[in-house]
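Colleague: Sharing a structure below in structure tokens format, with a few things to ask.
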Amino acid sequence: MSKQGHMNSSVQEPPLDYSFKSIHVIQDLVSEEPRTGLRPLKHSKSGKSLTQSLWLNNNVLSDLRDFNQMVSQLLEHPENLAWIDLSFNDLTSIDSVLTTFFNLSVLYLHGNSIHHLGEVNKLAVLPRLRSLTLHGNPIEEEKGYSLPRITTFDFSGVTKTDRTTAEVWKCMNIKTKKAHFKENAL
């Protein structure tokens, strides 16, 4: 089966689910059994999972050290990973390792400790990213966090009007800051 054919067939596969396992570091996945759902996971002849979804939510991860290596150990086609759920962990930044998964379309990061709005900009390189959650992070207090191709943001639909409005507010905010700077400089 071609990689594209595999990608289409694994879309409906259940996720590789390590949620609620009290995982502290990515390497702990080796010693953990994934949660089972209603449908059993399919595996390749090599024993790796044939899914495009990895759920690591509700754990205590503070970083994603060795994430690529672990994903390669767990998934037959790690390059096809389309959905990663890292919600409700202790992440303080968006690790650049996530930007290496070019087929990523859903990324859940809500309920973490991400403080800096600039972290979100890293995700702009993901051409297929359509759904992103960041609520419950300190950055939700900052104005203007969004990405142009996102169609679902914090579980709400994002329309073309929303994106246009965000751009207008961004431009107005920049003009206001420039005017304020000029006034204070005089």
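Within each chain, counting starts at residue 1; across the structure tokens, chains are named A, B, ... in the order shown, with ligands numbered 1 upward in that order.
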Need the shell around Leu134 of chain A: protein/DNA/RNA residues with any atom at most 8 Å away, counting only C-alpha atoms. Skip same-chain ones fewer than 4 positions apart. Format as a list in words?
Modeller: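 Contacts, with the query itself left out: Tyr108, Leu109, His110, Gly111, Ile139, Glu140, Phe153 and Asp154 of chain A.
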Colleague: As a PDB file with C-alpha atoms, in the first residue's frame, list the residues of segment 38-168 of chain A assigned to helix (DSSP H, G or I) by DSSP on the backbone atoms of this structure.
Modeller:
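Wrote states.pdb, looks like this:
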```pdb
ATOM      1  CA  PHE A  67       9.591  13.019  21.172  1.00  0.00           C
ATOM      2  CA  ASN A  68      10.653  12.260  17.569  1.00  0.00           C
ATOM      3  CA  GLN A  69      12.498   9.105  18.559  1.00  0.00           C
ATOM      4  CA  MET A  70       9.591   7.846  20.650  1.00  0.00           C
ATOM      5  CA  VAL A  71       7.034   8.552  17.918  1.00  0.00           C
ATOM      6  CA  SER A  72       9.242   6.637  15.471  1.00  0.00           C
ATOM      7  CA  GLN A  73       9.313   3.689  17.889  1.00  0.00           C
ATOM      8  CA  LEU A  74       5.532   3.701  18.334  1.00  0.00           C
ATOM      9  CA  PRO A  78       5.353   8.801  12.034  1.00  0.00           C
ATOM     10  CA  GLU A  79       5.488  11.204   9.084  1.00  0.00           C
ATOM     11  CA  ASN A  80       1.705  10.819   8.774  1.00  0.00           C
ATOM     12  CA  SER A  96       9.909  23.005  17.784  1.00  0.00           C
ATOM     13  CA  VAL A  97       9.787  19.209  17.413  1.00  0.00           C
ATOM     14  CA  LEU A  98       6.055  19.616  16.741  1.00  0.00           C
ATOM     15  CA  THR A  99       6.860  21.601  13.584  1.00  0.00           C
ATOM     16  CA  THR A 100       8.525  18.540  12.042  1.00  0.00           C
ATOM     17  CA  GLY A 118       5.708  34.175  20.303  1.00  0.00           C
ATOM     18  CA  GLU A 119       5.567  30.426  20.927  1.00  0.00           C
ATOM     19  CA  VAL A 120       2.486  30.188  18.707  1.00  0.00           C
ATOM     20  CA  ASN A 121       4.376  31.643  15.749  1.00  0.00           C
ATOM     21  CA  LYS A 122       6.446  28.462  15.536  1.00  0.00           C
ATOM     22  CA  LEU A 123       3.340  26.619  14.311  1.00  0.00           C
ATOM     23  CA  ALA A 124       2.962  28.818  11.221  1.00  0.00           C
ATOM     24  CA  VAL A 125       5.184  26.403   9.256  1.00  0.00           C
ATOM     25  CA  PRO A 138      -1.363  32.090  30.428  1.00  0.00           C
ATOM     26  CA  ILE A 139      -1.073  33.362  26.820  1.00  0.00           C
ATOM     27  CA  GLU A 140      -4.847  33.520  26.485  1.00  0.00           C
ATOM     28  CA  GLU A 141      -4.543  36.786  28.411  1.00  0.00           C
ATOM     29  CA  LYS A 160     -12.737  34.655   7.260  1.00  0.00           C
ATOM     30  CA  THR A 161     -14.321  37.617   9.042  1.00  0.00           C
ATOM     31  CA  ASP A 162     -12.649  36.580  12.310  1.00  0.00           C
ATOM     32  CA  ARG A 163      -9.264  36.471  10.613  1.00  0.00           C
ATOM     33  CA  THR A 164      -9.878  39.870   8.947  1.00  0.00           C
ATOM     34  CA  THR A 165     -11.002  41.369  12.262  1.00  0.00           C
ATOM     35  CA  ALA A 166      -7.894  39.984  13.981  1.00  0.00           C
ATOM     36  CA  GLU A 167      -5.699  41.575  11.306  1.00  0.00           C
ATOM     37  CA  VAL A 168      -7.496  44.934  11.647  1.00  0.00           C
TER      38      VAL A 168
END
```
Colleague: My list of candidates is A:Asn137, A:His43, A:His116, A:Ile26. Which is closest to Ser62 of chain A when distances are computed with only C-alpha atoms?
Modeller: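 Smallest distance to Ser62 of chain A is found for A:Ile26.
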Colleague: To one decimal in Å, tell me the separation between atom CA of Leu129 of chain A and atom CA of Val106 of chain A.
Modeller: 6.0 Å
Colleague: Report, in Å with one decimal, the straight-line distance from atom CA of Ser46 of chain A to atom CA of Leu64 of chain A.
Modeller: 24.8 Å
Colleague: Can you pull out the residues contacting Arg130 of chain A? Cut-off 9 Å, using only C-alpha atoms, and skip same-chain residues under 6 positions away; I want them as a ChimeraX atom specification.
Modeller: /A:104-107,149-153
Colleague: So that I can see what lies close to Lys21 of chain A, please list as a list of chain:residue names the residues with an atom at most 10 Å from it, counting only C-alpha atoms and leaving out residues fewer than 6 positions away in the same chain.
Modeller: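 Answer for this query is A:Asp28, A:Leu29, A:Glu32, A:Glu33, A:Pro34, A:Arg35, A:Leu56, A:Asn57, A:Asn58, A:Asn59, A:Val60.
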Colleague: Residues of the last selection are to be written out with N, CA and C atoms, as an mmCIF file, in the first residue's frame.
Modeller:
```cif
data_model
loop_
_atom_site.group_PDB
_atom_site.id
_atom_site.type_symbol
_atom_site.label_atom_id
_atom_site.label_comp_id
_atom_site.auth_asym_id
_atom_site.auth_seq_id
_atom_site.Cartn_x
_atom_site.Cartn_y
_atom_site.Cartn_z
ATOM 1 N N ASP A 28 8.888 7.469 29.236
ATOM 2 C CA ASP A 28 8.004 6.598 30.015
ATOM 3 C C ASP A 28 7.020 5.823 29.125
ATOM 4 N N LEU A 29 6.824 6.274 27.895
ATOM 5 C CA LEU A 29 5.892 5.587 26.995
ATOM 6 C C LEU A 29 6.322 4.153 26.718
ATOM 7 N N GLU A 32 4.784 1.964 29.353
ATOM 8 C CA GLU A 32 3.335 2.088 29.525
ATOM 9 C C GLU A 32 2.582 1.381 28.405
ATOM 10 N N GLU A 33 1.469 0.809 28.756
ATOM 11 C CA GLU A 33 0.554 0.254 27.750
ATOM 12 C C GLU A 33 -0.459 1.336 27.403
ATOM 13 N N PRO A 34 -0.750 1.524 26.115
ATOM 14 C CA PRO A 34 -1.763 2.526 25.766
ATOM 15 C C PRO A 34 -3.146 2.083 26.244
ATOM 16 N N ARG A 35 -3.997 3.064 26.441
ATOM 17 C CA ARG A 35 -5.367 2.784 26.838
ATOM 18 C C ARG A 35 -6.076 2.092 25.673
ATOM 19 N N LEU A 56 -1.597 12.238 24.421
ATOM 20 C CA LEU A 56 -0.753 12.271 25.613
ATOM 21 C C LEU A 56 -1.334 13.246 26.638
ATOM 22 N N ASN A 57 -2.605 13.495 26.549
ATOM 23 C CA ASN A 57 -3.252 14.476 27.413
ATOM 24 C C ASN A 57 -3.386 13.984 28.852
ATOM 25 N N ASN A 58 -3.552 14.942 29.752
ATOM 26 C CA ASN A 58 -3.755 14.682 31.176
ATOM 27 C C ASN A 58 -2.625 13.856 31.792
ATOM 28 N N ASN A 59 -1.415 14.297 31.530
ATOM 29 C CA ASN A 59 -0.225 13.706 32.131
ATOM 30 C C ASN A 59 0.547 14.824 32.827
ATOM 31 N N VAL A 60 1.802 14.639 33.075
ATOM 32 C CA VAL A 60 2.618 15.663 33.742
ATOM 33 C C VAL A 60 3.898 15.948 32.945
#
```
Colleague: From the options A:Pro127, A:Asp63, A:Ser93, A:Phe102, which residue's atoms come nearest to Leu81 of chain A, counting only C-alpha atoms?
Modeller: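 Counting only C-alpha atoms, the residue closest to Leu81 of chain A is A:Phe102.
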Colleague: With a distance cut-off of 10 Å and only C-alpha atoms, select the neighbouring residues of Ser49 of chain A, excluding the residue or stretch itself and same-chain residues fewer than 3 positions from it, and output the selection as a PyMOL selection string.
Modeller: chain A and resi 10+13-16+41-46+52-53+71+73-78
Colleague: Restricting the output to N, CA and C atoms, write the selected residues as a CSV table (one decimal), in the first residue's frame.
Modeller:
```csv
chain,number,residue,atom,x,y,z
A,10,SER,N,-5.6,5.1,7.7
A,10,SER,CA,-5.3,5.2,9.1
A,10,SER,C,-6.0,6.4,9.7
A,13,GLU,N,-8.5,5.1,12.1
A,13,GLU,CA,-8.0,4.2,13.1
A,13,GLU,C,-8.1,4.9,14.5
A,14,PRO,N,-8.3,4.2,15.5
A,14,PRO,CA,-8.4,4.8,16.9
A,14,PRO,C,-7.0,5.4,17.2
A,15,PRO,N,-7.0,6.3,18.2
A,15,PRO,CA,-5.7,6.9,18.5
A,15,PRO,C,-4.8,6.0,19.4
A,16,LEU,N,-3.6,6.2,19.4
A,16,LEU,CA,-2.6,5.6,20.3
A,16,LEU,C,-2.8,6.5,21.6
A,41,LEU,N,-6.5,-1.2,18.3
A,41,LEU,CA,-5.5,-0.6,17.5
A,41,LEU,C,-5.0,-1.7,16.5
A,42,LYS,N,-4.7,-1.2,15.3
A,42,LYS,CA,-4.1,-2.1,14.3
A,42,LYS,C,-2.6,-1.9,14.3
A,43,HIS,N,-1.9,-2.9,14.1
A,43,HIS,CA,-0.4,-2.9,14.2
A,43,HIS,C,0.2,-3.4,12.9
A,44,SER,N,1.4,-3.0,12.5
A,44,SER,CA,2.1,-3.5,11.4
A,44,SER,C,2.7,-4.8,11.8
A,45,LYS,N,3.4,-5.4,10.8
A,45,LYS,CA,4.1,-6.7,11.1
A,45,LYS,C,5.2,-6.4,12.1
A,46,SER,N,5.8,-5.2,12.1
A,46,SER,CA,6.9,-4.9,13.0
A,46,SER,C,6.3,-4.6,14.4
A,52,GLN,N,-2.8,7.7,13.0
A,52,GLN,CA,-2.3,9.0,12.8
A,52,GLN,C,-2.5,9.9,14.0
A,53,SER,N,-3.0,9.3,15.1
A,53,SER,CA,-3.4,10.1,16.3
A,53,SER,C,-2.6,9.6,17.5
A,71,VAL,N,8.1,8.7,18.9
A,71,VAL,CA,7.0,8.6,17.9
A,71,VAL,C,7.5,7.6,16.8
A,73,GLN,N,9.4,5.0,17.3
A,73,GLN,CA,9.3,3.7,17.9
A,73,GLN,C,7.9,3.2,17.9
A,74,LEU,N,6.9,4.1,18.1
A,74,LEU,CA,5.5,3.7,18.3
A,74,LEU,C,4.7,3.6,17.1
A,75,LEU,N,5.0,4.4,16.1
A,75,LEU,CA,4.2,4.5,14.9
A,75,LEU,C,4.9,4.0,13.6
A,76,GLU,N,4.2,3.2,12.8
A,76,GLU,CA,4.7,2.7,11.6
A,76,GLU,C,5.1,3.8,10.6
A,77,HIS,N,4.2,4.8,10.6
A,77,HIS,CA,4.4,6.0,9.7
A,77,HIS,C,4.3,7.3,10.5
A,78,PRO,N,5.4,7.6,11.2
A,78,PRO,CA,5.4,8.8,12.0
A,78,PRO,C,5.2,10.1,11.2
```
Colleague: Running DSSP on the backbone, which parts of segment 19-129 of chain A land in strand (DSSP E), as a list in words?
Modeller: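 So, restricting segment 19-129 of chain A to strand (DSSP E), we get Ser53, Leu54, Trp55, Trp83, Ile84, Asp85, Val106, Leu107 and Tyr108 of chain A.
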Colleague: Restricting the output to N, CA and C atoms, write the selected residues as a PDB file, in the first residue's frame.
Modeller:
```
ATOM      1  N   SER A  53      -2.985   9.335  15.103  1.00  0.00           N
ATOM      2  CA  SER A  53      -3.355  10.131  16.272  1.00  0.00           C
ATOM      3  C   SER A  53      -2.621   9.648  17.515  1.00  0.00           C
ATOM      4  N   LEU A  54      -2.040  10.596  18.235  1.00  0.00           N
ATOM      5  CA  LEU A  54      -1.318  10.281  19.467  1.00  0.00           C
ATOM      6  C   LEU A  54      -1.860  11.174  20.575  1.00  0.00           C
ATOM      7  N   TRP A  55      -2.424  10.552  21.592  1.00  0.00           N
ATOM      8  CA  TRP A  55      -3.001  11.291  22.717  1.00  0.00           C
ATOM      9  C   TRP A  55      -2.116  11.122  23.943  1.00  0.00           C
ATOM     10  N   TRP A  83      -2.747  14.145  14.335  1.00  0.00           N
ATOM     11  CA  TRP A  83      -3.424  14.667  15.520  1.00  0.00           C
ATOM     12  C   TRP A  83      -2.577  14.346  16.747  1.00  0.00           C
ATOM     13  N   ILE A  84      -2.198  15.399  17.467  1.00  0.00           N
ATOM     14  CA  ILE A  84      -1.455  15.243  18.718  1.00  0.00           C
ATOM     15  C   ILE A  84      -2.234  15.976  19.805  1.00  0.00           C
ATOM     16  N   ASP A  85      -2.536  15.265  20.872  1.00  0.00           N
ATOM     17  CA  ASP A  85      -3.214  15.873  22.018  1.00  0.00           C
ATOM     18  C   ASP A  85      -2.238  15.912  23.183  1.00  0.00           C
ATOM     19  N   VAL A 106      -4.386  18.674  13.662  1.00  0.00           N
ATOM     20  CA  VAL A 106      -5.039  18.946  14.944  1.00  0.00           C
ATOM     21  C   VAL A 106      -3.970  18.917  16.034  1.00  0.00           C
ATOM     22  N   LEU A 107      -3.918  19.994  16.805  1.00  0.00           N
ATOM     23  CA  LEU A 107      -2.960  20.081  17.902  1.00  0.00           C
ATOM     24  C   LEU A 107      -3.656  20.680  19.114  1.00  0.00           C
ATOM     25  N   TYR A 108      -3.763  19.882  20.157  1.00  0.00           N
ATOM     26  CA  TYR A 108      -4.381  20.332  21.400  1.00  0.00           C
ATOM     27  C   TYR A 108      -3.287  20.628  22.424  1.00  0.00           C
TER      28      TYR A 108
END
```
Colleague: Figure out the distance between atom CA of Asp90 of chain A and atom CA of Gly136 of chain A, please, to one decimal in Å.
Modeller: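 Between atom CA of Gly136 of chain A and atom CA of Asp90 of chain A the gap is 11.5 Å.
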Colleague: Looking at A:Ser31, A:Ser19, A:Leu38, A:Gln12, which one is nearest to Phe88 of chain A, with distances taken over only C-alpha atoms?
Modeller: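 The answer is A:Ser19, which sits nearest to Phe88 of chain A.
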